[in-house]
file work-v3.cif (mmCIF, C-alpha atoms and all ligand atoms)
data_protein
loop_
_atom_site.label_atom_id
_atom_site.label_comp_id
_atom_site.auth_asym_id
_atom_site.auth_seq_id
_atom_site.Cartn_x
_atom_site.Cartn_y
_atom_site.Cartn_z
CA MET A 553 -23.65 -32.99 -3.23
CA LYS A 554 -22.07 -31.64 -6.43
CA THR A 555 -19.72 -28.94 -5.17
CA GLU A 556 -19.40 -27.85 -8.80
CA SER A 557 -22.82 -26.23 -8.27
CA PHE A 558 -21.17 -23.53 -6.12
CA ARG A 559 -19.01 -22.16 -8.93
CA GLY A 560 -20.06 -18.76 -10.30
CA ARG A 561 -23.02 -18.19 -7.95
CA ASP A 562 -23.80 -14.99 -6.07
CA PHE A 563 -23.70 -14.82 -2.28
CA ILE A 564 -26.30 -12.25 -1.24
CA THR A 565 -28.31 -14.03 1.46
CA LEU A 566 -28.26 -17.45 3.10
CA LEU A 567 -31.91 -17.75 2.01
CA ASP A 568 -30.56 -18.54 -1.49
CA TRP A 569 -28.57 -21.52 -0.13
CA SER A 570 -29.60 -24.90 1.27
CA LYS A 571 -28.65 -26.18 4.70
CA GLU A 572 -26.50 -28.85 3.04
CA GLU A 573 -24.63 -26.19 1.05
CA VAL A 574 -24.05 -24.07 4.16
CA GLU A 575 -22.73 -27.15 6.00
CA THR A 576 -20.28 -27.69 3.12
CA ILE A 577 -19.11 -24.07 3.39
CA LEU A 578 -18.52 -24.53 7.14
CA ASP A 579 -16.56 -27.76 6.49
CA VAL A 580 -14.36 -26.03 3.91
CA ALA A 581 -13.86 -23.08 6.28
CA LEU A 582 -12.66 -25.40 9.06
CA ASP A 583 -10.29 -27.13 6.63
CA LEU A 584 -8.82 -23.79 5.49
CA LYS A 585 -8.58 -22.66 9.12
CA ARG A 586 -6.61 -25.80 10.00
CA ARG A 587 -4.24 -25.25 7.05
CA PHE A 588 -3.73 -21.61 8.04
CA ALA A 589 -3.03 -22.65 11.67
CA VAL A 590 -0.20 -25.00 10.70
CA GLY A 591 1.28 -22.65 8.11
CA GLU A 592 0.28 -24.79 5.14
CA LEU A 593 0.20 -22.67 2.01
CA HIS A 594 -3.01 -22.78 -0.04
CA ASP A 595 -2.25 -19.90 -2.37
CA HIS A 596 -2.90 -21.98 -5.46
CA ILE A 597 -6.69 -21.89 -4.98
CA LEU A 598 -7.34 -18.39 -6.39
CA ARG A 599 -3.89 -17.63 -7.82
CA ALA A 600 -3.87 -14.43 -9.95
CA LYS A 601 -7.60 -13.87 -9.43
CA THR A 602 -9.03 -10.47 -8.52
CA LEU A 603 -11.84 -9.53 -6.16
CA PHE A 604 -13.20 -5.98 -6.42
CA LEU A 605 -14.33 -4.55 -3.05
CA ILE A 606 -16.78 -1.63 -3.20
CA PHE A 607 -17.40 -0.07 0.22
CA TYR A 608 -20.14 2.59 0.48
CA ASN A 609 -19.73 2.36 4.31
CA GLN A 610 -16.88 2.05 6.77
CA SER A 611 -15.41 -1.30 7.91
CA LEU A 612 -12.65 -2.86 9.96
CA ARG A 613 -13.35 -6.61 9.96
CA THR A 614 -14.98 -7.05 6.57
CA ARG A 615 -12.42 -5.16 4.52
CA ASN A 616 -9.39 -6.65 6.23
CA SER A 617 -10.67 -10.24 6.27
CA PHE A 618 -11.49 -10.12 2.57
CA GLU A 619 -8.14 -8.53 1.69
CA ALA A 620 -6.14 -10.94 3.88
CA GLY A 621 -8.22 -13.88 2.63
CA MET A 622 -7.54 -13.11 -1.03
CA THR A 623 -3.81 -12.79 -0.30
CA GLN A 624 -3.78 -16.18 1.44
CA LEU A 625 -5.63 -17.78 -1.48
CA GLY A 626 -3.08 -16.37 -3.94
CA GLY A 627 -5.24 -13.63 -5.43
CA HIS A 628 -5.68 -9.91 -4.98
CA ALA A 629 -8.45 -7.83 -3.39
CA HIS A 630 -8.81 -4.43 -5.00
CA PHE A 631 -10.42 -1.75 -2.80
CA LEU A 632 -12.74 0.73 -4.49
CA ASP A 633 -14.12 3.82 -2.74
CA PRO A 634 -17.41 4.70 -4.53
CA SER A 635 -16.69 8.41 -4.11
CA LYS A 636 -13.36 8.04 -5.93
CA ILE A 637 -14.77 6.18 -8.92
CA TYR A 638 -17.94 7.30 -10.70
CA THR A 639 -20.35 6.30 -7.96
CA PRO A 640 -22.34 3.26 -9.14
CA ALA A 641 -26.02 4.26 -9.24
CA LEU A 642 -29.33 2.87 -10.40
CA PRO A 643 -31.53 4.62 -13.00
CA GLY A 644 -33.30 7.54 -11.34
CA LYS A 645 -30.35 8.20 -9.02
CA GLU A 646 -27.86 9.28 -11.66
CA VAL A 647 -25.89 12.55 -11.68
CA ALA A 648 -24.02 13.52 -14.85
CA TYR A 649 -20.27 12.78 -14.72
CA SER A 650 -20.51 11.93 -11.02
CA THR A 651 -22.29 8.59 -11.04
CA GLU A 652 -22.12 5.66 -13.44
CA ARG A 653 -24.99 3.27 -14.06
CA VAL A 654 -24.63 0.00 -12.13
CA SER A 655 -25.19 -2.01 -15.32
CA ASP A 656 -22.08 -0.38 -16.85
CA VAL A 657 -19.87 -0.66 -13.75
CA ALA A 658 -20.83 -4.30 -13.26
CA ARG A 659 -20.09 -5.29 -16.87
CA VAL A 660 -16.77 -3.42 -16.96
CA LEU A 661 -15.48 -4.98 -13.71
CA ALA A 662 -16.68 -8.41 -14.83
CA ARG A 663 -14.35 -8.13 -17.86
CA MET A 664 -11.35 -7.57 -15.55
CA GLY A 665 -11.81 -9.65 -12.41
CA HIS A 666 -13.39 -12.73 -10.90
CA ALA A 667 -15.89 -11.42 -8.29
CA ILE A 668 -17.38 -8.17 -7.01
CA ALA A 669 -18.06 -7.62 -3.30
CA ILE A 670 -20.23 -4.73 -2.07
CA ARG A 671 -21.12 -3.13 1.27
CA CYS A 672 -24.03 -0.70 1.14
CA TYR A 673 -26.69 0.30 3.68
CA GLY A 674 -28.11 3.39 5.39
CA ASP A 675 -27.06 6.87 4.26
CA PRO A 676 -25.84 5.91 0.74
CA VAL A 677 -29.39 4.70 -0.03
CA ASP A 678 -31.06 7.38 2.09
CA TRP A 679 -32.43 4.81 4.59
CA VAL A 680 -34.89 3.36 2.09
CA TYR A 681 -35.23 -0.18 3.41
CA GLY A 682 -34.37 -2.71 0.70
CA ALA A 683 -32.74 -0.18 -1.66
CA ALA A 684 -29.21 -1.42 -0.93
CA ASN A 685 -30.27 -5.02 -1.47
CA GLU A 686 -31.82 -3.94 -4.79
CA LEU A 687 -28.56 -2.22 -5.81
CA MET A 688 -26.67 -5.43 -5.04
CA ARG A 689 -29.11 -7.59 -6.97
CA ASN A 690 -28.82 -5.23 -9.93
CA PHE A 691 -25.03 -5.60 -9.84
CA ALA A 692 -25.50 -9.37 -9.69
CA TYR A 693 -27.88 -9.30 -12.67
CA TRP A 694 -25.39 -7.48 -14.91
CA ALA A 695 -22.10 -9.04 -13.76
CA ASP A 696 -21.46 -12.56 -14.99
CA ILE A 697 -19.07 -13.15 -12.09
CA PRO A 698 -20.09 -13.80 -8.44
CA LEU A 699 -21.51 -10.91 -6.42
CA LEU A 700 -20.66 -11.10 -2.70
CA ASN A 701 -22.75 -9.21 -0.16
CA MET A 702 -20.47 -7.62 2.44
CA GLU A 703 -23.61 -6.23 4.21
CA CYS A 704 -26.67 -4.60 2.76
CA ASP A 705 -29.73 -3.22 4.52
CA LYS A 706 -31.28 -6.70 4.82
CA TYR A 707 -28.50 -9.26 5.11
CA HIS A 708 -24.93 -9.76 6.33
CA PRO A 709 -24.45 -13.40 5.26
CA PHE A 710 -20.69 -13.62 5.91
CA GLN A 711 -21.16 -12.43 9.48
CA ALA A 712 -23.87 -15.06 9.94
CA LEU A 713 -21.59 -17.80 8.59
CA ALA A 714 -18.88 -16.74 11.04
CA ASP A 715 -21.46 -16.72 13.84
CA VAL A 716 -22.67 -20.28 13.24
CA LEU A 717 -19.13 -21.55 12.68
CA THR A 718 -18.25 -20.12 16.11
CA VAL A 719 -21.28 -21.84 17.69
CA LYS A 720 -20.25 -25.12 16.04
CA GLU A 721 -16.71 -24.78 17.43
CA LYS A 722 -17.91 -23.96 20.95
CA PHE A 723 -20.72 -26.51 21.33
CA GLY A 724 -20.03 -29.12 18.63
CA THR A 725 -23.71 -29.22 17.70
CA PHE A 726 -26.62 -26.96 16.83
CA LYS A 727 -29.33 -29.35 18.03
CA GLY A 728 -30.54 -28.38 21.51
CA THR A 729 -28.49 -25.15 21.43
CA LYS A 730 -30.55 -22.16 22.56
CA PHE A 731 -29.49 -19.17 20.43
CA VAL A 732 -30.83 -15.80 21.62
CA MET A 733 -30.53 -12.84 19.28
CA SER A 734 -31.55 -9.85 21.36
CA TRP A 735 -31.90 -6.13 20.79
CA ALA A 736 -29.69 -4.02 23.13
CA TYR A 737 -29.55 -0.27 23.73
CA SER A 738 -27.22 2.08 21.86
CA PRO A 739 -27.29 5.90 21.72
CA SER A 740 -27.12 5.57 17.91
CA VAL A 741 -30.41 4.70 16.22
CA HIS A 742 -28.78 4.45 12.80
CA LYS A 743 -28.13 0.72 13.00
CA PRO A 744 -28.95 -1.61 10.10
CA ARG A 745 -30.93 -4.81 10.64
CA ALA A 746 -28.67 -6.99 8.53
CA VAL A 747 -26.78 -8.68 11.38
CA PRO A 748 -29.78 -9.77 13.49
CA GLN A 749 -31.75 -10.84 10.43
CA SER A 750 -28.91 -12.95 9.02
CA ALA A 751 -27.99 -14.34 12.45
CA ILE A 752 -31.48 -15.73 13.12
CA ILE A 753 -31.71 -17.10 9.57
CA ALA A 754 -28.41 -18.95 10.05
CA ALA A 755 -29.21 -20.20 13.56
CA ALA A 756 -32.68 -21.44 12.58
CA MET A 757 -31.40 -22.99 9.33
CA MET A 758 -28.71 -24.94 11.19
CA GLY A 759 -31.19 -26.26 13.77
CA CYS A 760 -30.67 -24.12 16.88
CA ASP A 761 -33.61 -23.39 19.18
CA THR A 762 -33.72 -19.74 18.16
CA VAL A 763 -35.18 -16.86 20.15
CA LEU A 764 -35.51 -13.29 18.89
CA ALA A 765 -35.85 -10.83 21.80
CA HIS A 766 -36.70 -7.18 21.27
CA PRO A 767 -38.96 -4.36 22.50
CA PRO A 768 -42.27 -4.45 20.60
CA GLU A 769 -41.23 -1.44 18.45
CA MET A 770 -38.10 -3.18 17.12
CA ALA A 771 -39.74 -5.90 14.98
CA LEU A 772 -37.69 -7.32 12.11
CA ASP A 773 -38.64 -8.02 8.48
CA PRO A 774 -41.68 -10.38 8.34
CA GLU A 775 -40.09 -12.30 5.43
CA VAL A 776 -37.12 -13.14 7.66
CA ILE A 777 -39.40 -14.23 10.51
CA GLN A 778 -41.35 -16.51 8.16
CA ALA A 779 -38.13 -18.09 6.92
CA CYS A 780 -36.98 -18.77 10.50
CA GLU A 781 -40.31 -20.41 11.33
CA ARG A 782 -39.98 -22.58 8.22
CA TYR A 783 -36.41 -23.65 9.08
CA ALA A 784 -37.38 -24.43 12.69
CA GLY A 785 -40.16 -26.69 11.43
CA MET A 786 -37.82 -28.44 8.96
CA ASN A 787 -35.26 -29.07 11.74
CA GLY A 788 -37.69 -30.12 14.49
CA ALA A 789 -36.39 -27.12 16.45
CA SER A 790 -38.13 -24.04 17.86
CA PHE A 791 -38.32 -20.38 16.88
CA ALA A 792 -39.87 -17.83 19.26
CA ILE A 793 -40.13 -14.06 19.66
CA SER A 794 -39.97 -12.50 23.14
CA HIS A 795 -40.38 -8.92 24.33
CA ASP A 796 -38.74 -9.69 27.68
CA PHE A 797 -34.93 -9.15 27.70
CA GLU A 798 -34.20 -11.23 30.82
CA ALA A 799 -36.79 -14.00 30.41
CA ALA A 800 -35.49 -14.68 26.87
CA ALA A 801 -31.93 -15.14 28.19
CA LYS A 802 -32.79 -17.89 30.68
CA GLY A 803 -30.86 -21.09 29.99
CA ALA A 804 -29.43 -19.72 26.72
CA HIS A 805 -26.22 -21.16 25.32
CA VAL A 806 -25.70 -18.18 22.99
CA LEU A 807 -26.49 -14.58 23.98
CA TYR A 808 -26.12 -12.09 21.12
CA PRO A 809 -27.41 -8.66 22.25
CA LYS A 810 -27.00 -5.74 19.82
CA ALA A 811 -28.87 -2.65 18.68
CA TRP A 812 -30.83 -2.31 15.47
CA ALA A 813 -33.04 0.45 14.12
CA PRO A 814 -36.81 0.61 14.58
CA THR A 815 -38.95 1.05 11.46
CA GLN A 816 -39.37 4.78 12.21
CA ILE A 817 -35.85 5.37 10.89
CA PHE A 818 -36.70 4.15 7.40
CA LYS A 819 -38.41 6.16 4.68
CA PRO A 820 -42.03 5.26 3.78
CA PRO A 821 -43.59 2.88 2.85
CA VAL A 822 -41.68 0.61 5.27
CA GLY A 823 -41.03 3.34 7.84
CA GLU A 824 -41.99 6.85 8.88
CA ASP A 825 -38.77 8.85 8.28
CA ASN A 826 -38.90 10.04 11.90
CA PRO A 827 -35.44 9.75 13.54
CA ALA A 828 -36.57 11.84 16.54
CA LEU A 829 -39.32 9.33 17.34
CA ALA A 830 -36.86 6.48 16.76
CA GLN A 831 -34.52 8.07 19.33
CA GLU A 832 -37.38 8.52 21.80
CA ILE A 833 -38.31 4.84 21.43
CA PHE A 834 -34.67 3.74 21.83
CA ASP A 835 -34.26 5.77 25.02
CA ARG A 836 -37.14 3.86 26.68
CA TYR A 837 -35.00 0.73 26.73
CA LYS A 838 -31.63 1.79 28.18
CA ASP A 839 -31.75 -1.17 30.57
CA TRP A 840 -31.45 -3.64 27.67
CA LYS A 841 -27.71 -4.04 28.31
CA ALA A 842 -25.48 -7.12 28.49
CA THR A 843 -24.07 -7.18 32.03
CA PRO A 844 -22.51 -10.04 34.05
CA GLU A 845 -25.92 -10.46 35.76
CA TYR A 846 -27.57 -10.82 32.37
CA MET A 847 -24.99 -13.38 31.24
CA ALA A 848 -25.55 -15.34 34.45
CA LEU A 849 -29.17 -15.91 33.38
CA GLY A 850 -27.92 -18.16 30.60
CA ASP A 851 -26.50 -21.67 30.71
CA PRO A 852 -23.31 -21.92 32.86
CA ASN A 853 -21.36 -22.38 29.59
CA ALA A 854 -23.12 -19.53 27.78
CA ILE A 855 -21.20 -17.49 25.24
CA TYR A 856 -21.52 -13.76 24.59
CA MET A 857 -21.54 -12.96 20.88
CA HIS A 858 -21.34 -9.66 19.00
CA CYS A 859 -20.42 -8.95 15.38
CA LEU A 860 -18.40 -5.87 16.51
CA PRO A 861 -17.97 -3.00 16.69
CA CYS A 862 -19.95 -3.02 19.95
CA ASP A 863 -21.03 0.09 21.81
CA ARG A 864 -19.20 -0.46 25.11
CA GLY A 865 -20.98 0.98 28.12
CA TRP A 866 -24.32 1.01 26.30
CA GLU A 867 -24.98 -2.31 24.56
CA VAL A 868 -22.60 -4.17 26.84
CA THR A 869 -20.26 -3.68 29.80
CA ASP A 870 -16.48 -4.01 29.42
CA GLU A 871 -16.52 -6.93 31.86
CA VAL A 872 -18.74 -8.96 29.52
CA VAL A 873 -16.89 -8.21 26.27
CA ASP A 874 -13.46 -8.73 27.82
CA ASN A 875 -14.18 -11.96 29.70
CA THR A 876 -12.72 -14.59 27.39
CA ASP A 877 -11.78 -16.89 30.30
CA PRO A 878 -13.88 -20.10 30.16
CA GLU A 879 -12.96 -20.85 33.79
CA ARG A 880 -15.39 -18.11 34.84
CA GLY A 881 -18.37 -19.90 33.28
CA TRP A 882 -19.98 -17.73 30.57
CA ARG A 883 -17.46 -16.08 28.31
CA SER A 884 -17.10 -13.71 25.36
CA VAL A 885 -16.23 -15.20 21.95
CA VAL A 886 -16.29 -11.96 19.95
CA TYR A 887 -12.70 -12.27 18.74
CA ASP A 888 -13.31 -15.85 17.61
CA GLN A 889 -16.28 -14.57 15.61
CA ALA A 890 -14.12 -11.86 14.02
CA GLU A 891 -11.39 -14.40 13.21
CA ASN A 892 -13.91 -16.75 11.65
CA ARG A 893 -14.91 -14.05 9.17
CA LEU A 894 -11.58 -14.74 7.46
CA HIS A 895 -12.11 -18.49 7.22
CA VAL A 896 -15.75 -18.54 6.08
CA GLN A 897 -15.06 -15.90 3.43
CA LYS A 898 -12.07 -17.85 2.15
CA ALA A 899 -14.33 -20.92 1.94
CA VAL A 900 -17.02 -19.11 -0.03
CA MET A 901 -14.49 -17.45 -2.35
CA SER A 902 -12.74 -20.77 -2.94
CA LEU A 903 -16.01 -22.50 -3.83
CA LEU A 904 -17.48 -19.69 -5.97
CA MET A 905 -14.45 -18.13 -7.69
CA ARG A 906 -12.54 -21.27 -8.78
N1 LIG B 1001 -18.88 -7.10 11.81
C1 LIG B 1001 -18.51 -6.32 10.78
O1 LIG B 1001 -19.04 -6.46 9.65
O2 LIG B 1001 -17.51 -5.48 11.05
P1 LIG B 1001 -17.02 -4.25 10.15
O3 LIG B 1001 -18.17 -3.26 10.11
O4 LIG B 1001 -15.80 -3.72 10.84
O5 LIG B 1001 -16.70 -4.76 8.78
#
call {"tool": "encode", "arguments": {"input": "work-v3.cif", "output": "structure tokens"}}
result
Amino acid sequence: MKTESFRGRDFITLLDWSKEEVETILDVALDLKRRFAVGELHDHILRAKTLFLIFYNQSLRTRNSFEAGMTQLGGHAHFLDPSKIYTPALPGKEVAYSTERVSDVARVLARMGHAIAIRCYGDPVDWVYGAANELMRNFAYWADIPLLNMECDKYHPFQALADVLTVKEKFGTFKGTKFVMSWAYSPSVHKPRAVPQSAIIAAAMMGCDTVLAHPPEMALDPEVIQACERYAGMNGASFAISHDFEAAAKGAHVLYPKAWAPTQIFKPPVGEDNPALAQEIFDRYKDWKATPEYMALGDPNAIYMHCLPCDRGWEVTDEVVDNTDPERGWRSVVYDQAENRLHVQKAVMSLLMR
């Protein structure tokens, strides 16, 4: 494969990338991880290059892994709070001397740096499903430098890369690996769908036997489901949807239970703009919680995954999150996932921003 084809491209969803390209990213990530582990400097790769980080939402892992990653590659990550610049906005959402049109922001930053990374979902786009992805694509259209998606309302591709890298490290293969992405209860209904949608895309693309488990009301984007079915067919693997929390977990190698919003939370036409009904639906499923008994349903070597932050006591018990001891059988790999954010992002930046 011509790795030159990576240079200058946007990274908005894994759906824009081939399996072969994603495998290359994972290979580069493992190489950079090895170099980092032995203290080998690799700060020539993006020396004196600048990444602009625009965060409409809060973050621990994403912000710090991008900032640390750029430092290690020899460049600089510049944090931008949208409320402290003129908030980038699309036509129709502009406020005089408070916002600035995305087309202008994108072209100005593209004259000064080498990539723009954005996180935007939920409140900043008024819970209109797809509006944050549209904002990101508009940035990408106007900026002639790579646009990196740090999580929109549809996709969280860097989290998904870290997830499949972690699976690869733990099991050495994707073939025959049962990957269960499951809904789990949280008192907060305001949870984007980006993580589960990107996780099942990545797992199915790489060839895992992928299961999506959720209460009937928590269906994900049909376009994502279709893509997973297509990838499963291409890989000779399976993709299934289950509405049974415990049955789905049986024999699983990967258990990834987390909350996401039902459609009622979104504005029409996708949703109903009815948070009270969303809360009522959520509260019917408080028993969808990752406990040691739940983990024991999986394979004896099952791993517990979560993108973090997790809602301890609701989505998952402390005993499950904190059990990183492989001697006990199933174990939590959440800190490995978080660590791998650094390495996959460095790989993508190295390939795209050279
Ligand atoms: N998993 C993840 O994206 O974490 P942050 O929200 O802390 O960035």
call {"tool": "closest_residue", "arguments": {"input": "work-v3.cif", "among": "A:Tyr808, A:Tyr887, A:Tyr608, A:Phe731", "to": "A:Asp705", "atoms": "all atoms listed in the file"}}
result
A:Tyr608
call {"tool": "closest_atom_pairs", "arguments": {"input": "work-v3.cif", "of": "chain A", "to": "ligand LIG 1001 (chain B)", "cutoff": "7 Å", "atoms": "all atoms listed in the file", "output": "tab-separated table"}}
result
residue	atom	partner	partner_atom	distance
A:Gln610	CA	B:LIG1001	O3	6.4
A:Ser611	CA	B:LIG1001	O5	3.8
A:Leu612	CA	B:LIG1001	O4	3.4
A:Arg613	CA	B:LIG1001	O4	3.9
A:Thr614	CA	B:LIG1001	O5	3.6
A:Arg615	CA	B:LIG1001	O5	6.1
A:Gln711	CA	B:LIG1001	N1	6.2
A:Cys859	CA	B:LIG1001	N1	4.3
A:Leu860	CA	B:LIG1001	N1	4.9
A:Pro861	CA	B:LIG1001	O2	6.2
call {"tool": "closest_residue", "arguments": {"input": "work-v3.cif", "among": "A:Leu567, A:Cys862, A:Val896, A:Ala667", "to": "A:Lys706", "atoms": "all atoms listed in the file"}}
result
A:Leu567
call {"tool": "closest_residue", "arguments": {"input": "work-v3.cif", "among": "A:Lys743, A:Lys636, A:Arg671, A:Lys727", "to": "A:Ile606", "atoms": "all atoms listed in the file"}}
result
A:Arg671
call {"tool": "atom_distance", "arguments": {"input": "work-v3.cif", "atom1": "atom CA of A:Ala854", "atom2": "atom CA of A:Trp882"}}
result
4.6 Å
call {"tool": "residues_around", "arguments": {"input": "work-v3.cif", "residues": "A:Ala714", "least_positions_apart": "2", "cutoff": "9 Å", "atoms": "only C-alpha atoms", "output": "ChimeraX atom specification"}}
result
/A:578,709-712,716-719,888-897
call {"tool": "write_last_selection", "arguments": {"input": "work-v3.cif", "atoms": "C-alpha atoms", "output": "PDB file, in the coordinates of the input"}}
result
ATOM      1  CA  LEU A 578     -18.520 -24.530   7.140  1.00  0.00           C
ATOM      2  CA  PRO A 709     -24.450 -13.400   5.260  1.00  0.00           C
ATOM      3  CA  PHE A 710     -20.690 -13.620   5.910  1.00  0.00           C
ATOM      4  CA  GLN A 711     -21.160 -12.430   9.480  1.00  0.00           C
ATOM      5  CA  ALA A 712     -23.870 -15.060   9.940  1.00  0.00           C
ATOM      6  CA  VAL A 716     -22.670 -20.280  13.240  1.00  0.00           C
ATOM      7  CA  LEU A 717     -19.130 -21.550  12.680  1.00  0.00           C
ATOM      8  CA  THR A 718     -18.250 -20.120  16.110  1.00  0.00           C
ATOM      9  CA  VAL A 719     -21.280 -21.840  17.690  1.00  0.00           C
ATOM     10  CA  ASP A 888     -13.310 -15.850  17.610  1.00  0.00           C
ATOM     11  CA  GLN A 889     -16.280 -14.570  15.610  1.00  0.00           C
ATOM     12  CA  ALA A 890     -14.120 -11.860  14.020  1.00  0.00           C
ATOM     13  CA  GLU A 891     -11.390 -14.400  13.210  1.00  0.00           C
ATOM     14  CA  ASN A 892     -13.910 -16.750  11.650  1.00  0.00           C
ATOM     15  CA  ARG A 893     -14.910 -14.050   9.170  1.00  0.00           C
ATOM     16  CA  LEU A 894     -11.580 -14.740   7.460  1.00  0.00           C
ATOM     17  CA  HIS A 895     -12.110 -18.490   7.220  1.00  0.00           C
ATOM     18  CA  VAL A 896     -15.750 -18.540   6.080  1.00  0.00           C
ATOM     19  CA  GLN A 897     -15.060 -15.900   3.430  1.00  0.00           C
TER      20      GLN A 897
END
call {"tool": "residues_near_point", "arguments": {"input": "work-v3.cif", "point": "(-33.6, -23.6, 19.6)", "cutoff": "8 Å", "atoms": "only C-alpha atoms", "output": "list in words"}}
result
Lys727, Gly728, Thr729, Lys730, Phe731, Ala756, Gly759, Cys760, Asp761, Thr762, Val763, Ala784, Ala789, Ser790 and Phe791 of chain A
call {"tool": "closest_residue", "arguments": {"input": "work-v3.cif", "among": "A:Leu584, A:Leu625, A:Ala746, A:Val822", "to": "A:Leu598", "atoms": "only C-alpha atoms"}}
result
A:Leu625
call {"tool": "decode", "arguments": {"input": "work-v3.cif", "residues": "stretch 848-870 of chain A", "atoms": "C-alpha atoms", "output": "mmCIF file, in the first residue's frame"}}
result
data_model
loop_
_atom_site.group_PDB
_atom_site.id
_atom_site.type_symbol
_atom_site.label_atom_id
_atom_site.label_comp_id
_atom_site.auth_asym_id
_atom_site.auth_seq_id
_atom_site.Cartn_x
_atom_site.Cartn_y
_atom_site.Cartn_z
ATOM 1 C CA ALA A 848 -18.333 -14.281 34.575
ATOM 2 C CA LEU A 849 -20.801 -14.941 31.735
ATOM 3 C CA GLY A 850 -18.024 -14.218 29.253
ATOM 4 C CA ASP A 851 -15.010 -16.272 28.250
ATOM 5 C CA PRO A 852 -12.666 -17.030 31.221
ATOM 6 C CA ASN A 853 -10.179 -14.571 29.646
ATOM 7 C CA ALA A 854 -12.799 -11.897 28.948
ATOM 8 C CA ILE A 855 -11.813 -8.250 29.147
ATOM 9 C CA TYR A 856 -13.936 -5.367 30.416
ATOM 10 C CA MET A 857 -13.652 -2.302 28.205
ATOM 11 C CA HIS A 858 -14.881 1.270 28.648
ATOM 12 C CA CYS A 859 -13.791 4.468 26.919
ATOM 13 C CA LEU A 860 -13.998 6.344 30.274
ATOM 14 C CA PRO A 861 -15.213 8.287 32.073
ATOM 15 C CA CYS A 862 -17.465 5.503 33.374
ATOM 16 C CA ASP A 863 -20.372 6.037 35.736
ATOM 17 C CA ARG A 864 -19.214 3.927 38.686
ATOM 18 C CA GLY A 865 -22.039 2.347 40.656
ATOM 19 C CA TRP A 866 -24.453 2.684 37.733
ATOM 20 C CA GLU A 867 -22.883 1.440 34.492
ATOM 21 C CA VAL A 868 -20.374 -0.716 36.338
ATOM 22 C CA THR A 869 -19.294 -1.751 39.836
ATOM 23 C CA ASP A 870 -15.930 -0.665 41.269
#
